[in-house]
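Student: The file below is structure21.pdb, PDB, N, CA and C atoms:
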```pdb
ATOM      1  N   MET L  21      10.262  -9.891 -17.275  1.00  0.00           N
ATOM      2  CA  MET L  21       9.493  -9.457 -16.119  1.00  0.00           C
ATOM      3  C   MET L  21       8.665 -10.642 -15.621  1.00  0.00           C
ATOM      4  N   SER L  22       8.774 -10.933 -14.342  1.00  0.00           N
ATOM      5  CA  SER L  22       8.053 -12.074 -13.774  1.00  0.00           C
ATOM      6  C   SER L  22       6.566 -11.743 -13.585  1.00  0.00           C
ATOM      7  N   ILE L  23       5.793 -12.764 -13.339  1.00  0.00           N
ATOM      8  CA  ILE L  23       4.352 -12.577 -13.124  1.00  0.00           C
ATOM      9  C   ILE L  23       4.103 -11.719 -11.894  1.00  0.00           C
ATOM     10  N   VAL L  24       4.892 -11.933 -10.841  1.00  0.00           N
ATOM     11  CA  VAL L  24       4.721 -11.150  -9.616  1.00  0.00           C
ATOM     12  C   VAL L  24       5.037  -9.681  -9.882  1.00  0.00           C
ATOM     13  N   ASP L  25       6.116  -9.403 -10.622  1.00  0.00           N
ATOM     14  CA  ASP L  25       6.467  -8.011 -10.945  1.00  0.00           C
ATOM     15  C   ASP L  25       5.392  -7.355 -11.804  1.00  0.00           C
ATOM     16  N   ARG L  26       4.856  -8.090 -12.757  1.00  0.00           N
ATOM     17  CA  ARG L  26       3.798  -7.557 -13.607  1.00  0.00           C
ATOM     18  C   ARG L  26       2.547  -7.258 -12.781  1.00  0.00           C
ATOM     19  N   THR L  27       2.225  -8.142 -11.862  1.00  0.00           N
ATOM     20  CA  THR L  27       1.058  -7.928 -10.996  1.00  0.00           C
ATOM     21  C   THR L  27       1.260  -6.704 -10.117  1.00  0.00           C
ATOM     22  N   LEU L  28       2.463  -6.529  -9.563  1.00  0.00           N
ATOM     23  CA  LEU L  28       2.747  -5.340  -8.760  1.00  0.00           C
ATOM     24  C   LEU L  28       2.614  -4.061  -9.578  1.00  0.00           C
ATOM     25  N   ASP L  29       3.059  -4.097 -10.812  1.00  0.00           N
ATOM     26  CA  ASP L  29       2.926  -2.942 -11.684  1.00  0.00           C
ATOM     27  C   ASP L  29       1.455  -2.619 -11.927  1.00  0.00           C
ATOM     28  N   ASP L  30       0.646  -3.644 -12.163  1.00  0.00           N
ATOM     29  CA  ASP L  30      -0.800  -3.441 -12.343  1.00  0.00           C
ATOM     30  C   ASP L  30      -1.438  -2.892 -11.070  1.00  0.00           C
ATOM     31  N   MET L  31      -0.998  -3.382  -9.923  1.00  0.00           N
ATOM     32  CA  MET L  31      -1.532  -2.909  -8.644  1.00  0.00           C
ATOM     33  C   MET L  31      -1.202  -1.446  -8.422  1.00  0.00           C
ATOM     34  N   ARG L  32      -0.010  -1.036  -8.818  1.00  0.00           N
ATOM     35  CA  ARG L  32       0.398   0.355  -8.642  1.00  0.00           C
ATOM     36  C   ARG L  32      -0.438   1.272  -9.540  1.00  0.00           C
ATOM     37  N   ARG L  33      -0.721   0.825 -10.765  1.00  0.00           N
ATOM     38  CA  ARG L  33      -1.494   1.650 -11.693  1.00  0.00           C
ATOM     39  C   ARG L  33      -2.959   1.772 -11.294  1.00  0.00           C
ATOM     40  N   ASN L  34      -3.535   0.699 -10.750  1.00  0.00           N
ATOM     41  CA  ASN L  34      -4.964   0.724 -10.434  1.00  0.00           C
ATOM     42  C   ASN L  34      -5.245  -0.131  -9.198  1.00  0.00           C
ATOM     43  N   PRO L  35      -5.057   0.401  -7.990  1.00  0.00           N
ATOM     44  CA  PRO L  35      -5.277  -0.390  -6.778  1.00  0.00           C
ATOM     45  C   PRO L  35      -6.737  -0.756  -6.524  1.00  0.00           C
ATOM     46  N   ARG L  36      -7.669  -0.127  -7.207  1.00  0.00           N
ATOM     47  CA  ARG L  36      -9.083  -0.432  -7.005  1.00  0.00           C
ATOM     48  C   ARG L  36      -9.558  -1.622  -7.829  1.00  0.00           C
ATOM     49  N   ASN L  37      -8.753  -2.071  -8.774  1.00  0.00           N
ATOM     50  CA  ASN L  37      -9.178  -3.151  -9.645  1.00  0.00           C
ATOM     51  C   ASN L  37      -8.170  -4.305  -9.571  1.00  0.00           C
ATOM     52  N   VAL L  38      -8.005  -4.877  -8.379  1.00  0.00           N
ATOM     53  CA  VAL L  38      -7.047  -5.959  -8.166  1.00  0.00           C
ATOM     54  C   VAL L  38      -7.807  -7.199  -7.705  1.00  0.00           C
ATOM     55  N   ARG L  39      -7.624  -8.291  -8.412  1.00  0.00           N
ATOM     56  CA  ARG L  39      -8.248  -9.539  -7.997  1.00  0.00           C
ATOM     57  C   ARG L  39      -7.587 -10.026  -6.715  1.00  0.00           C
ATOM     58  N   PHE L  40      -8.388 -10.600  -5.842  1.00  0.00           N
ATOM     59  CA  PHE L  40      -7.876 -11.094  -4.564  1.00  0.00           C
ATOM     60  C   PHE L  40      -6.803 -12.149  -4.778  1.00  0.00           C
ATOM     61  N   ASP L  41      -7.000 -13.042  -5.737  1.00  0.00           N
ATOM     62  CA  ASP L  41      -6.015 -14.096  -5.992  1.00  0.00           C
ATOM     63  C   ASP L  41      -4.667 -13.520  -6.409  1.00  0.00           C
ATOM     64  N   ASP L  42      -4.674 -12.417  -7.162  1.00  0.00           N
ATOM     65  CA  ASP L  42      -3.418 -11.783  -7.565  1.00  0.00           C
ATOM     66  C   ASP L  42      -2.696 -11.185  -6.366  1.00  0.00           C
ATOM     67  N   LEU L  43      -3.439 -10.491  -5.500  1.00  0.00           N
ATOM     68  CA  LEU L  43      -2.825  -9.926  -4.298  1.00  0.00           C
ATOM     69  C   LEU L  43      -2.290 -11.033  -3.404  1.00  0.00           C
ATOM     70  N   ARG L  44      -3.020 -12.116  -3.313  1.00  0.00           N
ATOM     71  CA  ARG L  44      -2.569 -13.232  -2.484  1.00  0.00           C
ATOM     72  C   ARG L  44      -1.280 -13.846  -3.039  1.00  0.00           C
ATOM     73  N   LYS L  45      -1.175 -13.992  -4.358  1.00  0.00           N
ATOM     74  CA  LYS L  45       0.050 -14.535  -4.955  1.00  0.00           C
ATOM     75  C   LYS L  45       1.256 -13.665  -4.633  1.00  0.00           C
ATOM     76  N   VAL L  46       1.083 -12.342  -4.705  1.00  0.00           N
ATOM     77  CA  VAL L  46       2.178 -11.421  -4.395  1.00  0.00           C
ATOM     78  C   VAL L  46       2.571 -11.552  -2.926  1.00  0.00           C
ATOM     79  N   CYS L  47       1.591 -11.551  -2.037  1.00  0.00           N
ATOM     80  CA  CYS L  47       1.877 -11.661  -0.600  1.00  0.00           C
ATOM     81  C   CYS L  47       2.488 -13.020  -0.265  1.00  0.00           C
ATOM     82  N   ASP L  48       1.986 -14.096  -0.859  1.00  0.00           N
ATOM     83  CA  ASP L  48       2.575 -15.420  -0.627  1.00  0.00           C
ATOM     84  C   ASP L  48       4.032 -15.447  -1.071  1.00  0.00           C
ATOM     85  N   HIS L  49       4.313 -14.823  -2.210  1.00  0.00           N
ATOM     86  CA  HIS L  49       5.673 -14.826  -2.756  1.00  0.00           C
ATOM     87  C   HIS L  49       6.654 -14.123  -1.808  1.00  0.00           C
ATOM     88  N   TYR L  50       6.269 -12.969  -1.289  1.00  0.00           N
ATOM     89  CA  TYR L  50       7.188 -12.172  -0.473  1.00  0.00           C
ATOM     90  C   TYR L  50       7.133 -12.465   1.023  1.00  0.00           C
ATOM     91  N   PHE L  51       5.980 -12.890   1.530  1.00  0.00           N
ATOM     92  CA  PHE L  51       5.813 -13.011   2.979  1.00  0.00           C
ATOM     93  C   PHE L  51       5.601 -14.435   3.469  1.00  0.00           C
ATOM     94  N   GLY L  52       5.456 -15.413   2.581  1.00  0.00           N
ATOM     95  CA  GLY L  52       5.251 -16.793   3.002  1.00  0.00           C
ATOM     96  C   GLY L  52       3.784 -17.108   3.221  1.00  0.00           C
ATOM     97  N   GLU L  53       3.556 -18.220   3.863  1.00  0.00           N
ATOM     98  CA  GLU L  53       2.178 -18.682   4.098  1.00  0.00           C
ATOM     99  C   GLU L  53       1.468 -17.793   5.123  1.00  0.00           C
ATOM    100  N   PRO L  54       0.190 -17.477   4.865  1.00  0.00           N
ATOM    101  CA  PRO L  54      -0.561 -16.644   5.807  1.00  0.00           C
ATOM    102  C   PRO L  54      -1.217 -17.473   6.906  1.00  0.00           C
ATOM    103  N   ARG L  55      -1.593 -16.768   7.942  1.00  0.00           N
ATOM    104  CA  ARG L  55      -2.472 -17.336   8.957  1.00  0.00           C
ATOM    105  C   ARG L  55      -3.875 -16.935   8.530  1.00  0.00           C
ATOM    106  N   GLN L  56      -4.831 -17.829   8.630  1.00  0.00           N
ATOM    107  CA  GLN L  56      -6.179 -17.533   8.142  1.00  0.00           C
ATOM    108  C   GLN L  56      -7.191 -17.639   9.268  1.00  0.00           C
ATOM    109  N   ARG L  57      -8.100 -16.680   9.283  1.00  0.00           N
ATOM    110  CA  ARG L  57      -9.212 -16.691  10.231  1.00  0.00           C
ATOM    111  C   ARG L  57     -10.442 -16.237   9.471  1.00  0.00           C
ATOM    112  N   GLY L  58     -11.307 -17.175   9.137  1.00  0.00           N
ATOM    113  CA  GLY L  58     -12.456 -16.858   8.300  1.00  0.00           C
ATOM    114  C   GLY L  58     -11.987 -16.507   6.902  1.00  0.00           C
ATOM    115  N   SER L  59     -12.429 -15.355   6.390  1.00  0.00           N
ATOM    116  CA  SER L  59     -12.013 -14.927   5.059  1.00  0.00           C
ATOM    117  C   SER L  59     -10.752 -14.057   5.093  1.00  0.00           C
ATOM    118  N   HIS L  60     -10.284 -13.696   6.281  1.00  0.00           N
ATOM    119  CA  HIS L  60      -9.114 -12.832   6.420  1.00  0.00           C
ATOM    120  C   HIS L  60      -7.832 -13.644   6.356  1.00  0.00           C
ATOM    121  N   LEU L  61      -6.832 -13.117   5.664  1.00  0.00           N
ATOM    122  CA  LEU L  61      -5.497 -13.705   5.634  1.00  0.00           C
ATOM    123  C   LEU L  61      -4.543 -12.718   6.291  1.00  0.00           C
ATOM    124  N   PHE L  62      -3.703 -13.212   7.200  1.00  0.00           N
ATOM    125  CA  PHE L  62      -2.769 -12.372   7.920  1.00  0.00           C
ATOM    126  C   PHE L  62      -1.347 -12.799   7.583  1.00  0.00           C
ATOM    127  N   TYR L  63      -0.559 -11.861   7.081  1.00  0.00           N
ATOM    128  CA  TYR L  63       0.843 -12.123   6.763  1.00  0.00           C
ATOM    129  C   TYR L  63       1.719 -11.414   7.783  1.00  0.00           C
ATOM    130  N   ARG L  64       2.643 -12.147   8.361  1.00  0.00           N
ATOM    131  CA  ARG L  64       3.558 -11.588   9.351  1.00  0.00           C
ATOM    132  C   ARG L  64       4.760 -10.984   8.639  1.00  0.00           C
ATOM    133  N   MET L  65       5.111  -9.769   9.009  1.00  0.00           N
ATOM    134  CA  MET L  65       6.228  -9.057   8.403  1.00  0.00           C
ATOM    135  C   MET L  65       7.516  -9.317   9.181  1.00  0.00           C
ATOM    136  N   PRO L  66       8.665  -9.283   8.513  1.00  0.00           N
ATOM    137  CA  PRO L  66       9.934  -9.571   9.185  1.00  0.00           C
ATOM    138  C   PRO L  66      10.563  -8.366   9.882  1.00  0.00           C
ATOM    139  N   TRP L  67       9.813  -7.329  10.229  1.00  0.00           N
ATOM    140  CA  TRP L  67      10.359  -6.176  10.929  1.00  0.00           C
ATOM    141  C   TRP L  67       9.364  -5.705  11.978  1.00  0.00           C
ATOM    142  N   GLN L  68       9.828  -4.854  12.875  1.00  0.00           N
ATOM    143  CA  GLN L  68       8.952  -4.346  13.930  1.00  0.00           C
ATOM    144  C   GLN L  68       8.192  -3.122  13.436  1.00  0.00           C
ATOM    145  N   GLY L  69       7.073  -2.849  14.044  1.00  0.00           N
ATOM    146  CA  GLY L  69       6.279  -1.668  13.720  1.00  0.00           C
ATOM    147  C   GLY L  69       5.028  -1.971  12.916  1.00  0.00           C
ATOM    148  N   ARG L  70       5.144  -2.768  11.859  1.00  0.00           N
ATOM    149  CA  ARG L  70       3.983  -3.193  11.061  1.00  0.00           C
ATOM    150  C   ARG L  70       4.035  -4.703  10.950  1.00  0.00           C
ATOM    151  N   PRO L  71       3.733  -5.400  12.019  1.00  0.00           N
ATOM    152  CA  PRO L  71       3.955  -6.844  12.022  1.00  0.00           C
ATOM    153  C   PRO L  71       2.986  -7.661  11.176  1.00  0.00           C
ATOM    154  N   LEU L  72       1.840  -7.118  10.770  1.00  0.00           N
ATOM    155  CA  LEU L  72       0.871  -7.902  10.003  1.00  0.00           C
ATOM    156  C   LEU L  72       0.332  -7.119   8.809  1.00  0.00           C
ATOM    157  N   VAL L  73       0.092  -7.842   7.733  1.00  0.00           N
ATOM    158  CA  VAL L  73      -0.699  -7.314   6.613  1.00  0.00           C
ATOM    159  C   VAL L  73      -1.943  -8.181   6.550  1.00  0.00           C
ATOM    160  N   ASN L  74      -3.099  -7.547   6.583  1.00  0.00           N
ATOM    161  CA  ASN L  74      -4.382  -8.228   6.591  1.00  0.00           C
ATOM    162  C   ASN L  74      -5.039  -8.006   5.228  1.00  0.00           C
ATOM    163  N   ILE L  75      -5.434  -9.095   4.565  1.00  0.00           N
ATOM    164  CA  ILE L  75      -6.177  -8.956   3.311  1.00  0.00           C
ATOM    165  C   ILE L  75      -7.421  -9.834   3.374  1.00  0.00           C
ATOM    166  N   GLN L  76      -8.455  -9.431   2.633  1.00  0.00           N
ATOM    167  CA  GLN L  76      -9.675 -10.225   2.574  1.00  0.00           C
ATOM    168  C   GLN L  76     -10.393  -9.961   1.260  1.00  0.00           C
ATOM    169  N   PRO L  77     -11.099 -10.960   0.734  1.00  0.00           N
ATOM    170  CA  PRO L  77     -11.804 -10.783  -0.532  1.00  0.00           C
ATOM    171  C   PRO L  77     -13.188 -10.178  -0.350  1.00  0.00           C
ATOM    172  N   VAL L  78     -13.633  -9.472  -1.386  1.00  0.00           N
ATOM    173  CA  VAL L  78     -15.002  -8.980  -1.486  1.00  0.00           C
ATOM    174  C   VAL L  78     -15.445  -9.273  -2.907  1.00  0.00           C
ATOM    175  N   ARG L  79     -16.284 -10.288  -3.067  1.00  0.00           N
ATOM    176  CA  ARG L  79     -16.762 -10.723  -4.381  1.00  0.00           C
ATOM    177  C   ARG L  79     -15.614 -10.976  -5.347  1.00  0.00           C
ATOM    178  N   GLY L  80     -14.543 -11.614  -4.877  1.00  0.00           N
ATOM    179  CA  GLY L  80     -13.418 -11.989  -5.723  1.00  0.00           C
ATOM    180  C   GLY L  80     -12.364 -10.922  -5.919  1.00  0.00           C
ATOM    181  N   MET L  81     -12.613  -9.727  -5.401  1.00  0.00           N
ATOM    182  CA  MET L  81     -11.665  -8.628  -5.543  1.00  0.00           C
ATOM    183  C   MET L  81     -11.038  -8.319  -4.192  1.00  0.00           C
ATOM    184  N   ALA L  82      -9.839  -7.717  -4.222  1.00  0.00           N
ATOM    185  CA  ALA L  82      -9.190  -7.276  -2.988  1.00  0.00           C
ATOM    186  C   ALA L  82      -9.774  -5.922  -2.599  1.00  0.00           C
ATOM    187  N   LYS L  83      -9.859  -5.663  -1.312  1.00  0.00           N
ATOM    188  CA  LYS L  83     -10.325  -4.352  -0.869  1.00  0.00           C
ATOM    189  C   LYS L  83      -9.264  -3.317  -1.248  1.00  0.00           C
ATOM    190  N   ALA L  84      -9.706  -2.200  -1.815  1.00  0.00           N
ATOM    191  CA  ALA L  84      -8.782  -1.211  -2.366  1.00  0.00           C
ATOM    192  C   ALA L  84      -7.823  -0.656  -1.312  1.00  0.00           C
ATOM    193  N   TYR L  85      -8.269  -0.466  -0.074  1.00  0.00           N
ATOM    194  CA  TYR L  85      -7.387   0.095   0.939  1.00  0.00           C
ATOM    195  C   TYR L  85      -6.361  -0.922   1.427  1.00  0.00           C
ATOM    196  N   GLN L  86      -6.541  -2.204   1.137  1.00  0.00           N
ATOM    197  CA  GLN L  86      -5.584  -3.218   1.572  1.00  0.00           C
ATOM    198  C   GLN L  86      -4.490  -3.478   0.543  1.00  0.00           C
ATOM    199  N   VAL L  87      -4.693  -3.084  -0.693  1.00  0.00           N
ATOM    200  CA  VAL L  87      -3.703  -3.325  -1.751  1.00  0.00           C
ATOM    201  C   VAL L  87      -2.393  -2.599  -1.470  1.00  0.00           C
ATOM    202  N   PRO L  88      -2.383  -1.299  -1.147  1.00  0.00           N
ATOM    203  CA  PRO L  88      -1.109  -0.633  -0.882  1.00  0.00           C
ATOM    204  C   PRO L  88      -0.352  -1.217   0.306  1.00  0.00           C
ATOM    205  N   SER L  89      -1.043  -1.722   1.324  1.00  0.00           N
ATOM    206  CA  SER L  89      -0.321  -2.290   2.475  1.00  0.00           C
ATOM    207  C   SER L  89       0.439  -3.539   2.078  1.00  0.00           C
ATOM    208  N   GLY L  90      -0.124  -4.367   1.209  1.00  0.00           N
ATOM    209  CA  GLY L  90       0.587  -5.544   0.730  1.00  0.00           C
ATOM    210  C   GLY L  90       1.771  -5.175  -0.134  1.00  0.00           C
ATOM    211  N   ALA L  91       1.590  -4.209  -1.007  1.00  0.00           N
ATOM    212  CA  ALA L  91       2.679  -3.794  -1.887  1.00  0.00           C
ATOM    213  C   ALA L  91       3.733  -3.006  -1.125  1.00  0.00           C
ATOM    214  N   GLN L  92       3.330  -2.241  -0.113  1.00  0.00           N
ATOM    215  CA  GLN L  92       4.301  -1.485   0.675  1.00  0.00           C
ATOM    216  C   GLN L  92       5.182  -2.434   1.480  1.00  0.00           C
ATOM    217  N   GLY L  93       4.621  -3.516   1.962  1.00  0.00           N
ATOM    218  CA  GLY L  93       5.424  -4.527   2.638  1.00  0.00           C
ATOM    219  C   GLY L  93       6.460  -5.111   1.704  1.00  0.00           C
ATOM    220  N   ASN L  94       6.112  -5.273   0.446  1.00  0.00           N
ATOM    221  CA  ASN L  94       7.049  -5.746  -0.563  1.00  0.00           C
ATOM    222  C   ASN L  94       8.219  -4.771  -0.688  1.00  0.00           C
ATOM    223  N   ARG L  95       7.951  -3.486  -0.693  1.00  0.00           N
ATOM    224  CA  ARG L  95       9.008  -2.482  -0.811  1.00  0.00           C
ATOM    225  C   ARG L  95       9.944  -2.535   0.393  1.00  0.00           C
ATOM    226  N   GLN L  96       9.392  -2.761   1.568  1.00  0.00           N
ATOM    227  CA  GLN L  96      10.190  -2.799   2.791  1.00  0.00           C
ATOM    228  C   GLN L  96      11.238  -3.905   2.765  1.00  0.00           C
ATOM    229  N   ILE L  97      10.938  -5.015   2.081  1.00  0.00           N
ATOM    230  CA  ILE L  97      11.904  -6.115   2.071  1.00  0.00           C
ATOM    231  C   ILE L  97      12.746  -6.125   0.804  1.00  0.00           C
ATOM    232  N   GLY L  98      12.725  -5.014   0.055  1.00  0.00           N
ATOM    233  CA  GLY L  98      13.618  -4.885  -1.083  1.00  0.00           C
ATOM    234  C   GLY L  98      13.017  -5.217  -2.429  1.00  0.00           C
ATOM    235  N   GLY L  99      11.716  -5.286  -2.506  1.00  0.00           N
ATOM    236  CA  GLY L  99      11.063  -5.575  -3.782  1.00  0.00           C
ATOM    237  C   GLY L  99      10.880  -4.308  -4.593  1.00  0.00           C
ATOM    238  N   ASN L 100       9.960  -4.336  -5.524  1.00  0.00           N
ATOM    239  CA  ASN L 100       9.698  -3.184  -6.376  1.00  0.00           C
ATOM    240  C   ASN L 100       9.205  -2.008  -5.554  1.00  0.00           C
ATOM    241  N   ALA L 101       9.526  -0.818  -6.013  1.00  0.00           N
ATOM    242  CA  ALA L 101       9.079   0.392  -5.321  1.00  0.00           C
ATOM    243  C   ALA L 101       7.579   0.566  -5.508  1.00  0.00           C
ATOM    244  N   TRP L 102       6.916   1.041  -4.489  1.00  0.00           N
ATOM    245  CA  TRP L 102       5.487   1.311  -4.518  1.00  0.00           C
ATOM    246  C   TRP L 102       5.288   2.752  -4.116  1.00  0.00           C
ATOM    247  N   LEU L 103       4.469   3.457  -4.834  1.00  0.00           N
ATOM    248  CA  LEU L 103       4.158   4.864  -4.541  1.00  0.00           C
ATOM    249  C   LEU L 103       5.420   5.711  -4.519  1.00  0.00           C
ATOM    250  N   ASN L 104       6.147   5.751  -5.619  1.00  0.00           N
ATOM    251  CA  ASN L 104       7.380   6.557  -5.732  1.00  0.00           C
ATOM    252  C   ASN L 104       7.072   8.002  -5.606  1.00  0.00           C
TER     253      ASN L 104
END
```
Have the structure of the file written as structure tokens, please.

Tutor:
Amino acid sequence: MSIVDRTLDDMRRNPRNVRFDDLRKVCDHYFGEPRQRGSHLFYRMPWQGRPLVNIQPVRGMAKAYQVPSGAQGNRQIGGNAWLN
């Protein structure tokens, strides 16, 4: 199991306790380099309808409501299932 897969599994089990750096590694792996504006990172998706995933840190942690959007984008491009 790769580090990215393990991180996704941890994110699925507890989306409220995800370090921002871990979420960023997953998004970088699947979506490429982000566009940055201040503390916000924007990842462009390769399909229509949900063109961006926005993430930002809060005291080193990812915001809980932003974790599923990053992982759901992973599912859309054929990665691990999220919220089965």

Student: Which residues fall under the PyMOL selection byres ((chain L and resi 35-37) around 8) in this file, as number ranges by chain?

Tutor: L: 30-34, 38-40, 81-88

Student: Write down as a VMD selection string the residues belonging to chain L that are assigned alpha helix (DSSP H) by DSSP computed on the backbone.

Tutor: chain L and resid 23 to 33 40 to 51 87 to 96

Student: In Å, with one decimal, what is the gap from atom CA of L:Tyr63 to atom CA of L:Asp29?

Tutor: 20.7 Å

Student: Rounded to one decimal place, report the atom CA of L:Asp41-atom CA of L:Gln68 distance in Å.

Tutor: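 Pair atom CA of L:Asp41 / atom CA of L:Gln68 returns 26.8 Å.
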
Student: Check the DSSP output for the backbone and give back, as a list in words, the residues of chain L in strand (DSSP E or B).

Tutor: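 Everything in chain L that counts as strand (DSSP E or B) is Arg39, Arg55, Gln56, Arg57, His60, Leu61, Phe62, Tyr63, Arg64, Leu72, Val73, Asn74, Ile75, Pro77, Val78, Met81 and Ala82 of chain L.
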
Student: Can you turn the PyMOL selection byres ((chain L and resi 51) around 8) into a concrete residue list for this file, as a ChimeraX atom specification?

Tutor: /L:45-50,52-54,63-66,93-94

Student: One number please: atom C of L:Val73 to atom CA of L:Asp25, in Å, one decimal.

Tutor: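 Answer for the atom C of L:Val73 to atom CA of L:Asp25 separation: 19.4 Å.
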